[in-house]
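File shown here: coords_21.txt, holding compact mmCIF, C-alpha atoms and all ligand atoms.
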# COMPACT_ATOMS: atom_id res chain seq x y z
CA MET A 21 -23.35 36.86 -26.42
CA ASN A 22 -23.42 33.18 -27.26
CA GLU A 23 -25.45 30.77 -25.19
CA ILE A 24 -23.14 28.98 -22.77
CA THR A 25 -23.77 25.26 -22.44
CA SER A 26 -21.91 22.74 -20.32
CA GLN A 27 -20.27 21.66 -23.58
CA THR A 28 -18.87 25.12 -24.30
CA PRO A 29 -15.10 25.07 -23.71
CA ALA A 30 -13.86 27.65 -21.21
CA LEU A 31 -11.19 28.49 -23.75
CA GLN A 32 -11.00 27.34 -27.33
CA LEU A 33 -8.32 27.82 -29.96
CA SER A 34 -9.29 26.98 -33.52
CA ASP A 35 -6.57 26.77 -36.14
CA VAL A 36 -4.57 29.55 -34.47
CA SER A 37 -1.31 30.62 -36.09
CA LYS A 38 1.18 33.37 -35.30
CA SER A 39 4.07 34.58 -37.42
CA PHE A 40 6.63 37.27 -36.72
CA GLY A 41 7.71 38.35 -40.20
CA PRO A 42 8.90 35.21 -41.93
CA ILE A 43 9.02 33.14 -38.69
CA ASP A 44 6.03 30.88 -38.11
CA VAL A 45 6.04 30.60 -34.33
CA LEU A 46 2.65 28.88 -33.88
CA GLN A 47 1.05 26.82 -36.58
CA GLY A 48 -2.59 25.74 -36.71
CA LEU A 49 -3.17 25.19 -32.98
CA ASN A 50 -6.43 23.56 -31.93
CA LEU A 51 -7.06 23.35 -28.22
CA ASP A 52 -10.20 23.02 -26.09
CA ILE A 53 -9.88 23.77 -22.38
CA ARG A 54 -12.88 22.38 -20.52
CA PRO A 55 -14.65 24.43 -17.86
CA GLY A 56 -13.12 23.70 -14.46
CA GLU A 57 -10.13 21.76 -15.73
CA ARG A 58 -6.50 22.37 -14.83
CA HIS A 59 -4.44 22.14 -17.97
CA ALA A 60 -0.67 22.41 -18.43
CA VAL A 61 1.26 23.37 -21.53
CA ILE A 62 4.72 21.85 -21.62
CA GLY A 63 7.39 21.99 -24.29
CA PRO A 64 11.05 22.75 -24.90
CA ASN A 65 12.49 26.26 -24.88
CA GLY A 66 11.40 28.27 -27.88
CA ALA A 67 8.41 26.01 -28.63
CA GLY A 68 6.05 29.00 -28.50
CA LYS A 69 4.51 28.71 -25.01
CA SER A 70 4.91 32.40 -24.14
CA THR A 71 3.65 33.40 -27.56
CA LEU A 72 0.59 31.21 -26.99
CA PHE A 73 -0.09 32.96 -23.68
CA ASN A 74 0.49 36.34 -25.31
CA LEU A 75 -2.14 35.56 -27.93
CA ILE A 76 -4.70 34.31 -25.43
CA SER A 77 -4.22 37.28 -23.10
CA GLY A 78 -4.27 39.84 -25.91
CA MET A 79 -0.64 41.01 -25.93
CA PHE A 80 -0.50 39.95 -29.60
CA ALA A 81 -3.23 39.32 -32.15
CA PRO A 82 -3.18 35.95 -33.87
CA SER A 83 -2.10 36.00 -37.54
CA SER A 84 -5.03 33.70 -38.27
CA GLY A 85 -7.56 31.50 -36.48
CA ASP A 86 -10.03 32.12 -33.68
CA ILE A 87 -9.75 32.23 -29.88
CA ARG A 88 -12.95 31.94 -27.82
CA LEU A 89 -13.48 32.57 -24.13
CA GLU A 90 -16.65 30.85 -22.90
CA GLY A 91 -17.94 30.85 -26.47
CA ASN A 92 -17.16 34.49 -27.29
CA SER A 93 -14.42 35.43 -29.73
CA ILE A 94 -11.54 37.29 -28.04
CA GLY A 95 -8.82 36.96 -30.69
CA GLY A 96 -7.22 40.36 -31.24
CA LEU A 97 -9.02 42.13 -28.35
CA SER A 98 -6.91 44.26 -25.99
CA PRO A 99 -5.61 42.68 -22.75
CA HIS A 100 -7.95 44.98 -20.83
CA LEU A 101 -11.07 43.80 -22.66
CA ILE A 102 -10.02 40.15 -22.39
CA ASN A 103 -9.54 40.66 -18.67
CA ARG A 104 -13.00 42.15 -18.35
CA ALA A 105 -14.38 39.22 -20.31
CA GLY A 106 -13.13 36.93 -17.50
CA LEU A 107 -9.53 35.92 -18.14
CA ALA A 108 -6.60 36.85 -15.87
CA ARG A 109 -2.94 36.11 -16.40
CA SER A 110 0.16 36.06 -14.23
CA PHE A 111 3.58 36.56 -15.74
CA GLN A 112 6.85 34.65 -15.81
CA ILE A 113 8.56 37.74 -14.43
CA THR A 114 6.83 39.13 -11.38
CA ASN A 115 4.58 42.01 -12.13
CA ILE A 116 3.88 43.58 -8.76
CA PHE A 117 4.38 47.08 -7.34
CA HIS A 118 7.47 46.71 -5.14
CA ARG A 119 7.08 49.99 -3.25
CA MET A 120 3.50 49.37 -2.20
CA THR A 121 2.33 47.06 0.56
CA VAL A 122 0.96 43.62 -0.14
CA PHE A 123 -2.52 44.80 0.83
CA GLU A 124 -2.28 47.85 -1.45
CA ASN A 125 -1.15 45.69 -4.36
CA LEU A 126 -4.17 43.44 -4.02
CA ARG A 127 -6.52 46.36 -3.41
CA ILE A 128 -5.57 47.90 -6.74
CA GLY A 129 -6.87 44.79 -8.47
CA VAL A 130 -10.12 44.79 -6.50
CA MET A 131 -10.59 48.52 -7.11
CA ALA A 132 -9.94 48.22 -10.83
CA ARG A 133 -12.60 45.56 -11.06
CA HIS A 134 -15.22 47.49 -9.14
CA GLN A 135 -14.53 50.91 -10.57
CA VAL A 136 -15.32 49.58 -13.97
CA ARG A 137 -18.43 47.69 -13.01
CA TYR A 138 -20.03 49.43 -10.06
CA GLY A 139 -18.41 52.77 -9.29
CA LEU A 140 -18.26 51.70 -5.65
CA PHE A 141 -15.91 54.32 -4.30
CA ARG A 142 -18.38 57.03 -3.63
CA SER A 143 -19.56 55.38 -0.42
CA ALA A 144 -17.93 54.24 2.80
CA ALA A 145 -19.82 50.98 2.44
CA GLY A 146 -18.28 50.55 -1.01
CA MET A 147 -14.79 51.12 0.35
CA ARG A 148 -15.48 48.63 3.15
CA ARG A 149 -16.50 46.07 0.61
CA VAL A 150 -13.30 46.65 -1.37
CA ASN A 151 -11.23 46.20 1.80
CA ASP A 152 -13.15 43.03 2.74
CA GLU A 153 -12.63 41.54 -0.68
CA THR A 154 -8.95 42.45 -0.56
CA ALA A 155 -8.61 40.77 2.85
CA ASP A 156 -10.34 37.69 1.48
CA VAL A 157 -7.83 37.34 -1.38
CA LEU A 158 -4.98 38.04 1.06
CA ASN A 159 -6.13 35.10 3.18
CA ARG A 160 -6.64 32.82 0.23
CA VAL A 161 -3.03 33.25 -0.88
CA GLY A 162 -1.74 32.89 2.70
CA LEU A 163 -0.17 36.35 3.01
CA GLU A 164 -2.21 37.70 5.97
CA ALA A 165 0.93 38.10 8.10
CA ARG A 166 2.59 40.11 5.32
CA ALA A 167 -0.32 42.47 4.60
CA GLN A 168 1.60 45.60 5.59
CA SER A 169 5.01 44.54 4.21
CA MET A 170 6.36 46.24 1.12
CA ALA A 171 5.87 43.85 -1.79
CA GLY A 172 9.54 44.34 -2.66
CA ASP A 173 10.52 42.92 0.76
CA LEU A 174 8.70 39.61 0.24
CA THR A 175 10.61 36.42 -0.50
CA TYR A 176 10.53 35.26 -4.10
CA SER A 177 7.87 32.60 -3.48
CA GLU A 178 5.75 35.07 -1.48
CA GLN A 179 5.95 37.44 -4.46
CA ARG A 180 4.70 34.67 -6.72
CA ALA A 181 1.82 34.02 -4.30
CA LEU A 182 1.02 37.75 -4.38
CA GLU A 183 0.98 37.67 -8.11
CA ILE A 184 -1.46 34.76 -8.09
CA GLY A 185 -3.53 36.85 -5.68
CA MET A 186 -3.52 39.69 -8.23
CA THR A 187 -5.11 37.38 -10.81
CA LEU A 188 -7.79 36.41 -8.26
CA THR A 189 -8.75 40.02 -7.50
CA THR A 190 -10.11 40.39 -11.00
CA GLY A 191 -12.74 37.72 -10.29
CA ALA A 192 -11.80 35.95 -13.54
CA ASP A 193 -13.05 32.41 -14.13
CA VAL A 194 -10.16 31.50 -16.40
CA ILE A 195 -6.65 31.88 -14.98
CA LEU A 196 -3.39 31.69 -16.95
CA LEU A 197 -0.21 31.14 -14.94
CA ASP A 198 3.16 31.34 -16.67
CA GLU A 199 5.69 29.08 -14.93
CA PRO A 200 4.37 29.79 -11.42
CA THR A 201 6.98 27.57 -9.72
CA ALA A 202 10.02 28.59 -11.77
CA GLY A 203 13.06 29.24 -9.60
CA MET A 204 11.57 27.65 -6.46
CA SER A 205 13.06 24.95 -4.25
CA ARG A 206 11.34 21.57 -4.14
CA GLU A 207 9.61 22.47 -0.88
CA GLU A 208 8.46 25.87 -2.15
CA THR A 209 7.25 24.22 -5.36
CA ALA A 210 5.09 21.73 -3.46
CA LYS A 211 3.60 24.56 -1.38
CA ALA A 212 2.95 26.68 -4.47
CA ALA A 213 1.24 23.76 -6.22
CA GLU A 214 -1.02 23.28 -3.21
CA LEU A 215 -1.84 26.98 -3.15
CA ILE A 216 -2.65 26.96 -6.86
CA ARG A 217 -4.91 23.94 -6.38
CA LYS A 218 -6.78 25.66 -3.57
CA VAL A 219 -7.27 29.04 -5.22
CA THR A 220 -8.30 27.65 -8.61
CA GLU A 221 -11.03 25.43 -7.14
CA GLY A 222 -14.10 25.96 -9.35
CA LYS A 223 -12.08 27.93 -11.93
CA THR A 224 -10.36 26.94 -15.14
CA LEU A 225 -6.56 26.95 -15.09
CA LEU A 226 -4.13 26.97 -18.00
CA MET A 227 -0.49 27.00 -16.97
CA VAL A 228 2.94 26.76 -18.55
CA GLU A 229 4.87 24.44 -16.28
CA HIS A 230 8.21 22.70 -16.70
CA ASP A 231 8.14 20.71 -13.48
CA MET A 232 6.44 17.40 -14.22
CA SER A 233 5.85 16.73 -10.53
CA VAL A 234 3.65 19.85 -10.46
CA VAL A 235 1.89 18.79 -13.65
CA PHE A 236 1.19 15.34 -12.19
CA SER A 237 -0.03 16.63 -8.86
CA LEU A 238 -2.18 19.43 -10.24
CA CYS A 239 -3.32 19.00 -13.81
CA ASP A 240 -6.15 17.01 -15.38
CA ARG A 241 -4.65 17.22 -18.86
CA VAL A 242 -1.45 18.31 -20.55
CA SER A 243 -0.71 19.64 -24.02
CA VAL A 244 2.76 19.25 -25.46
CA LEU A 245 3.90 22.10 -27.68
CA VAL A 246 6.89 21.41 -29.93
CA TYR A 247 8.10 23.74 -32.70
CA GLY A 248 4.84 25.69 -32.68
CA ARG A 249 2.55 22.68 -32.97
CA ILE A 250 0.60 20.68 -30.42
CA LEU A 251 2.03 17.20 -30.49
CA ALA A 252 -0.46 15.66 -28.06
CA THR A 253 -3.11 16.52 -25.48
CA ASP A 254 -3.91 13.91 -22.84
CA THR A 255 -3.77 13.02 -19.14
CA PRO A 256 -0.37 13.44 -17.45
CA GLU A 257 -0.04 9.64 -17.18
CA ARG A 258 -0.69 9.04 -20.87
CA ILE A 259 1.49 11.98 -21.92
CA SER A 260 4.48 10.70 -19.97
CA ALA A 261 4.00 7.24 -21.52
CA ASN A 262 3.64 8.65 -25.07
CA ARG A 263 6.67 7.59 -27.11
CA GLU A 264 6.47 10.51 -29.52
CA VAL A 265 6.40 12.96 -26.60
CA GLN A 266 9.30 11.21 -24.91
CA GLU A 267 11.37 11.48 -28.06
CA ALA A 268 10.44 15.10 -28.73
CA TYR A 269 10.64 16.46 -25.23
CA LEU A 270 10.52 14.45 -22.04
CA GLY A 271 13.49 12.29 -23.00
CA GLN A 272 15.63 15.37 -23.52
CA GLU A 273 14.53 17.27 -20.47
CA GLY A 274 14.22 14.25 -18.21
CA ALA A 275 10.74 13.81 -16.72
CA GLN A 276 10.82 14.22 -12.97
N1 LIG A 301 8.18 39.39 -30.89
C1 LIG A 301 8.85 38.41 -31.51
N2 LIG A 301 9.47 38.63 -32.70
C2 LIG A 301 10.13 37.64 -33.35
N3 LIG A 301 10.25 36.38 -32.88
C3 LIG A 301 9.66 36.11 -31.70
C4 LIG A 301 8.93 37.09 -30.96
N4 LIG A 301 8.46 36.51 -29.82
C5 LIG A 301 8.87 35.22 -29.88
N5 LIG A 301 9.59 34.98 -31.00
C6 LIG A 301 10.21 33.70 -31.39
O1 LIG A 301 9.20 32.72 -31.28
C7 LIG A 301 9.75 31.48 -30.83
C8 LIG A 301 8.95 31.00 -29.63
O2 LIG A 301 9.21 31.85 -28.50
P1 LIG A 301 8.42 31.72 -27.13
O3 LIG A 301 9.04 32.71 -26.21
O4 LIG A 301 6.97 31.80 -27.37
O5 LIG A 301 8.82 30.24 -26.71
P2 LIG A 301 8.67 29.54 -25.29
O6 LIG A 301 8.18 28.15 -25.57
O7 LIG A 301 7.86 30.37 -24.38
O8 LIG A 301 10.16 29.48 -24.79
P3 LIG A 301 10.73 29.58 -23.27
O9 LIG A 301 10.36 28.29 -22.61
O10 LIG A 301 12.21 29.68 -23.53
O11 LIG A 301 10.15 30.79 -22.63
C9 LIG A 301 11.23 31.74 -30.53
O12 LIG A 301 11.98 31.28 -31.62
C10 LIG A 301 11.29 33.25 -30.43
O13 LIG A 301 12.55 33.73 -30.84

Could the structure of this file be written out as structure tokens, please?
Amino acid sequence: MNEITSQTPALQLSDVSKSFGPIDVLQGLNLDIRPGERHAVIGPNGAGKSTLFNLISGMFAPSSGDIRLEGNSIGGLSPHLINRAGLARSFQITNIFHRMTVFENLRIGVMARHQVRYGLFRSAAGMRRVNDETADVLNRVGLEARAQSMAGDLTYSEQRALEIGMTLTTGADVILLDEPTAGMSREETAKAAELIRKVTEGKTLLMVEHDMSVVFSLCDRVSVLVYGRILATDTPERISANREVQEAYLGQEGAQ
């Protein structure tokens, strides 16, 4: 274990590249995510955002370079080990168990965490603690009234909230959210952004987000990924005023 100092980035990519056969999808990425910051990755379709998340969360190993979580190298570890090291990810496509209740979905996450670390299930007190922790996450994501509903019966935005809840059950300090407001109305988007702000208080957030209003309202810094390279990393204000970024991305997509 490395010594963690206040200078240690929560997440650090050093010269990270990824190729699929002859295709260089990510090339020499350097990125430091500070502890406690909320950071967005934006970029046009096909820029490599999902691949970046897949590398960080362990779905793929980088072709070269190093990825560190709180100072410890995680590049090439399995998703399971990276999760245990303190990083949780939600997916672009919802990843919940539709035929289980909302409470049961969340409880699986809490149980998985405790089974590994404490073997809590042998006692009634342990089970109570699991249920209490599940109820706590349920409240934090605002789904108390839906606790006994089948996850498959939730509205789309409720399902996204449940999925954010699943990342919280792991107790991870670093949360990756992949387009958490995709497909939502303006009103749902604003609510989701507020929820994300609330539940990531004191944690580090890295998110892929296309909606610039969400980026502005939520994020401390933004990185712009274009053709597998980071074009710029800066505050949302400076990024939206950056001419190179406007030409490469915001101009095309139309900043909101
Ligand atoms: N497993 C793979 N094998 C080969 N090529 C891949 C693979 N995964 C991704 N790619 C290619 O890598 C490039 C980047 O894809 P990626 O999905 O990471 O982009 P993205 O920025 O997330 O795009 P979007 O916003 O459309 O989701 C694309 O050209 C894609 O075809």

Env of A:His134: 12 Å cut, atoms = all atoms listed in the file, seq-sep filter 6 positions within chain, self excluded. Answer as an mmCIF file with C-alpha atoms, keeping the file's coordinate frame.
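Written out: selection30.cif:
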data_model
loop_
_atom_site.group_PDB
_atom_site.id
_atom_site.type_symbol
_atom_site.label_atom_id
_atom_site.label_comp_id
_atom_site.auth_asym_id
_atom_site.auth_seq_id
_atom_site.Cartn_x
_atom_site.Cartn_y
_atom_site.Cartn_z
ATOM 1 C CA ARG A 104 -13.000 42.150 -18.350
ATOM 2 C CA ARG A 127 -6.520 46.360 -3.410
ATOM 3 C CA ILE A 128 -5.570 47.900 -6.740
ATOM 4 C CA LEU A 140 -18.260 51.700 -5.650
ATOM 5 C CA PHE A 141 -15.910 54.320 -4.300
ATOM 6 C CA ARG A 142 -18.380 57.030 -3.630
ATOM 7 C CA GLY A 146 -18.280 50.550 -1.010
ATOM 8 C CA MET A 147 -14.790 51.120 0.350
ATOM 9 C CA ARG A 149 -16.500 46.070 0.610
ATOM 10 C CA VAL A 150 -13.300 46.650 -1.370
ATOM 11 C CA ASN A 151 -11.230 46.200 1.800
ATOM 12 C CA GLU A 153 -12.630 41.540 -0.680
ATOM 13 C CA THR A 154 -8.950 42.450 -0.560
ATOM 14 C CA THR A 189 -8.750 40.020 -7.500
ATOM 15 C CA THR A 190 -10.110 40.390 -11.000
ATOM 16 C CA GLY A 191 -12.740 37.720 -10.290
#

Closest-contact table, chain A side, partner ligand LIG 301 (chain A), 12 Å, counting only C-alpha atoms and all ligand atoms, as a tab-separated table:
residue	atom	partner	partner_atom	distance
A:Ser37	CA	A:LIG301	O1	11.7
A:Lys38	CA	A:LIG301	O1	9.0
A:Ser39	CA	A:LIG301	N3	7.9
A:Phe40	CA	A:LIG301	C2	4.9
A:Gly41	CA	A:LIG301	C2	7.3
A:Pro42	CA	A:LIG301	C2	9.0
A:Ile43	CA	A:LIG301	N3	6.8
A:Asp44	CA	A:LIG301	O1	7.8
A:Val45	CA	A:LIG301	O1	4.9
A:Leu46	CA	A:LIG301	C8	7.9
A:Gln47	CA	A:LIG301	C8	11.3
A:Val61	CA	A:LIG301	O6	9.3
A:Ile62	CA	A:LIG301	O6	8.2
A:Gly63	CA	A:LIG301	O6	6.3
A:Pro64	CA	A:LIG301	O9	6.0
A:Asn65	CA	A:LIG301	O10	3.7
A:Gly66	CA	A:LIG301	O5	3.5
A:Ala67	CA	A:LIG301	O6	3.7
A:Gly68	CA	A:LIG301	O4	3.2
A:Lys69	CA	A:LIG301	O6	3.8
A:Ser70	CA	A:LIG301	O7	3.6
A:Thr71	CA	A:LIG301	O4	3.7
A:Leu72	CA	A:LIG301	O4	6.4
A:Phe73	CA	A:LIG301	O4	8.1
A:Asn74	CA	A:LIG301	O4	8.2
A:Leu75	CA	A:LIG301	O4	9.9
A:Met79	CA	A:LIG301	N1	10.2
A:Phe80	CA	A:LIG301	N1	8.8
A:Ala81	CA	A:LIG301	N1	11.5
A:Phe111	CA	A:LIG301	O11	11.1
A:Gln112	CA	A:LIG301	O11	8.5
A:Ile113	CA	A:LIG301	O11	10.9
A:Asp198	CA	A:LIG301	O7	9.1
A:Glu199	CA	A:LIG301	O9	9.0
A:Ala202	CA	A:LIG301	O9	10.8
A:Met227	CA	A:LIG301	O7	11.7
A:Val228	CA	A:LIG301	O7	8.4
A:Glu229	CA	A:LIG301	O9	9.2
A:His230	CA	A:LIG301	O9	8.4
A:Val244	CA	A:LIG301	O6	10.4
A:Leu245	CA	A:LIG301	O6	7.7
A:Val246	CA	A:LIG301	O6	8.1
A:Tyr247	CA	A:LIG301	C8	7.9
A:Gly248	CA	A:LIG301	C8	7.4
A:Arg249	CA	A:LIG301	O6	10.8
A:Ile250	CA	A:LIG301	O6	11.7
A:Tyr269	CA	A:LIG301	O6	12.0
A:Glu273	CA	A:LIG301	O9	12.0

Tell me which residues come within 10 Å of (-0.2, 38.0, 2.7), as a list in words, counting only C-alpha atoms in the file's coordinates.
Thr121, Val122, Phe123, Leu126, Ala155, Val157, Leu158, Asn159, Arg160, Val161, Gly162, Leu163, Glu164, Ala165, Arg166, Ala167, Gln168, Ser169, Ala171, Leu174, Glu178, Gln179, Ala181, Leu182 and Gly185 of chain A

Please, what is the axis-aligned box for every listed atom of stretch 155-172 of chain A with 5 Å on each side, as centre and edge lengths in Å to one decimal, as AutoDock Vina command-line options?
--center_x -0.4 --center_y 39.5 --center_z 2.7 --size_x 29.9 --size_y 23.4 --size_z 20.8

Given the choices A:Ile184, A:Ile94, A:Met232, A:Ile102, which gets closest to A:Gly129 if the distance is worked out from all atoms listed in the file?
A:Ile184

Could you give me, as a VMD selection string, the residues that have an atom at most 10 Å away from the point (8.8, 51.5, -2.2) in the coordinates of the file, using all atoms listed in the file?
chain A and resid 117 to 121 170 to 173

d(atom CA of A:Asp86, atom CA of A:Gln32) in Å:
8.0 Å

Taking into account only C-alpha atoms, which residue in the set A:Gln135, A:Thr201, A:Ser77, A:Ser83 is nearest to A:Asp35?
A:Ser83

Using only C-alpha atoms, the shortest atom-to-atom distance to A:Met186 among A:Arg58, A:Arg258, A:Arg241, A:Arg109 belongs to A:Arg109

Between atom CA of A:Ser93 and atom CA of A:Leu49, what is the distance, to one decimal in Å?
15.6 Å

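For the residues A:Ala268, A:Val130, A:Asn115, A:Lys218, ranking by smallest atom-to-atom distance to A:Asp152 using all atoms listed in the file places A:Val130 first.
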
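Closest approach to A:Thr224 from the set A:Val36, A:Leu107, A:Ala210, A:Ala132 is made by A:Leu107, with distances taken over only C-alpha atoms.
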
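From atom CA of A:Thr253 back to atom CA of A:Leu196, the distance works out to 17.4 Å.
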
Measuring atom to atom with only C-alpha atoms, identify which of A:Asn262, A:Thr187, A:Ser205, A:Ser243 is nearest to A:Asn50.
A:Ser243

Contact residues around stretch 254-256 of chain A with all atoms listed in the file at 8 Å, ignoring same-chain residues under 3 positions, as a list in words:
Val235, Phe236, Cys239, Asp240, Arg241, Val242, Ser243, Ile259 and Ser260 of chain A

Dump C-alpha atoms for the selected residues as a PDB file, in the frame of the given file?
ATOM      1  CA  VAL A 235       1.890  18.790 -13.650  1.00  0.00           C
ATOM      2  CA  PHE A 236       1.190  15.340 -12.190  1.00  0.00           C
ATOM      3  CA  CYS A 239      -3.320  19.000 -13.810  1.00  0.00           C
ATOM      4  CA  ASP A 240      -6.150  17.010 -15.380  1.00  0.00           C
ATOM      5  CA  ARG A 241      -4.650  17.220 -18.860  1.00  0.00           C
ATOM      6  CA  VAL A 242      -1.450  18.310 -20.550  1.00  0.00           C
ATOM      7  CA  SER A 243      -0.710  19.640 -24.020  1.00  0.00           C
ATOM      8  CA  ILE A 259       1.490  11.980 -21.920  1.00  0.00           C
ATOM      9  CA  SER A 260       4.480  10.700 -19.970  1.00  0.00           C
TER      10      SER A 260
END

Dump stretch 237-254 of chain A with N, CA and C atoms to a file, as an mmCIF file, in the first residue's frame.
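Listing of decode_3.cif after writing:
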data_model
loop_
_atom_site.group_PDB
_atom_site.id
_atom_site.type_symbol
_atom_site.label_atom_id
_atom_site.label_comp_id
_atom_site.auth_asym_id
_atom_site.auth_seq_id
_atom_site.Cartn_x
_atom_site.Cartn_y
_atom_site.Cartn_z
ATOM 1 N N SER A 237 -23.757 22.588 -13.761
ATOM 2 C CA SER A 237 -24.364 22.657 -12.430
ATOM 3 C C SER A 237 -23.650 21.746 -11.430
ATOM 4 N N LEU A 238 -22.935 20.745 -11.932
ATOM 5 C CA LEU A 238 -22.451 19.700 -11.035
ATOM 6 C C LEU A 238 -20.935 19.611 -10.918
ATOM 7 N N CYS A 239 -20.232 19.899 -12.011
ATOM 8 C CA CYS A 239 -18.825 19.473 -12.066
ATOM 9 C C CYS A 239 -17.841 20.599 -11.775
ATOM 10 N N ASP A 240 -16.759 20.241 -11.080
ATOM 11 C CA ASP A 240 -15.685 21.190 -10.794
ATOM 12 C C ASP A 240 -14.803 21.362 -12.030
ATOM 13 N N ARG A 241 -14.543 20.236 -12.704
ATOM 14 C CA ARG A 241 -13.690 20.298 -13.901
ATOM 15 C C ARG A 241 -14.234 19.355 -14.973
ATOM 16 N N VAL A 242 -13.783 19.613 -16.191
ATOM 17 C CA VAL A 242 -14.222 18.843 -17.346
ATOM 18 C C VAL A 242 -12.996 18.461 -18.166
ATOM 19 N N SER A 243 -12.987 17.234 -18.680
ATOM 20 C CA SER A 243 -11.979 16.859 -19.666
ATOM 21 C C SER A 243 -12.674 16.592 -20.987
ATOM 22 N N VAL A 244 -12.075 17.080 -22.049
ATOM 23 C CA VAL A 244 -12.660 16.901 -23.382
ATOM 24 C C VAL A 244 -11.856 15.840 -24.109
ATOM 25 N N LEU A 245 -12.535 14.776 -24.490
ATOM 26 C CA LEU A 245 -11.886 13.661 -25.187
ATOM 27 C C LEU A 245 -12.302 13.710 -26.656
ATOM 28 N N VAL A 246 -11.316 13.787 -27.528
ATOM 29 C CA VAL A 246 -11.591 13.841 -28.973
ATOM 30 C C VAL A 246 -10.620 12.899 -29.666
ATOM 31 N N TYR A 247 -11.158 11.991 -30.477
ATOM 32 C CA TYR A 247 -10.326 11.012 -31.190
ATOM 33 C C TYR A 247 -9.290 10.352 -30.277
ATOM 34 N N GLY A 248 -9.705 9.940 -29.099
ATOM 35 C CA GLY A 248 -8.824 9.173 -28.229
ATOM 36 C C GLY A 248 -7.756 9.955 -27.504
ATOM 37 N N ARG A 249 -7.853 11.289 -27.569
ATOM 38 C CA ARG A 249 -6.882 12.121 -26.839
ATOM 39 C C ARG A 249 -7.620 13.150 -26.005
ATOM 40 N N ILE A 250 -6.996 13.539 -24.883
ATOM 41 C CA ILE A 250 -7.607 14.605 -24.082
ATOM 42 C C ILE A 250 -7.142 15.944 -24.632
ATOM 43 N N LEU A 251 -8.123 16.691 -25.119
ATOM 44 C CA LEU A 251 -7.831 17.975 -25.743
ATOM 45 C C LEU A 251 -7.595 19.044 -24.679
ATOM 46 N N ALA A 252 -8.363 18.999 -23.602
ATOM 47 C CA ALA A 252 -8.222 20.005 -22.543
ATOM 48 C C ALA A 252 -8.896 19.498 -21.278
ATOM 49 N N THR A 253 -8.363 19.943 -20.131
ATOM 50 C CA THR A 253 -9.006 19.706 -18.833
ATOM 51 C C THR A 253 -9.047 21.043 -18.117
ATOM 52 N N ASP A 254 -10.249 21.462 -17.710
ATOM 53 C CA ASP A 254 -10.354 22.778 -17.066
ATOM 54 C C ASP A 254 -11.730 22.921 -16.426
#
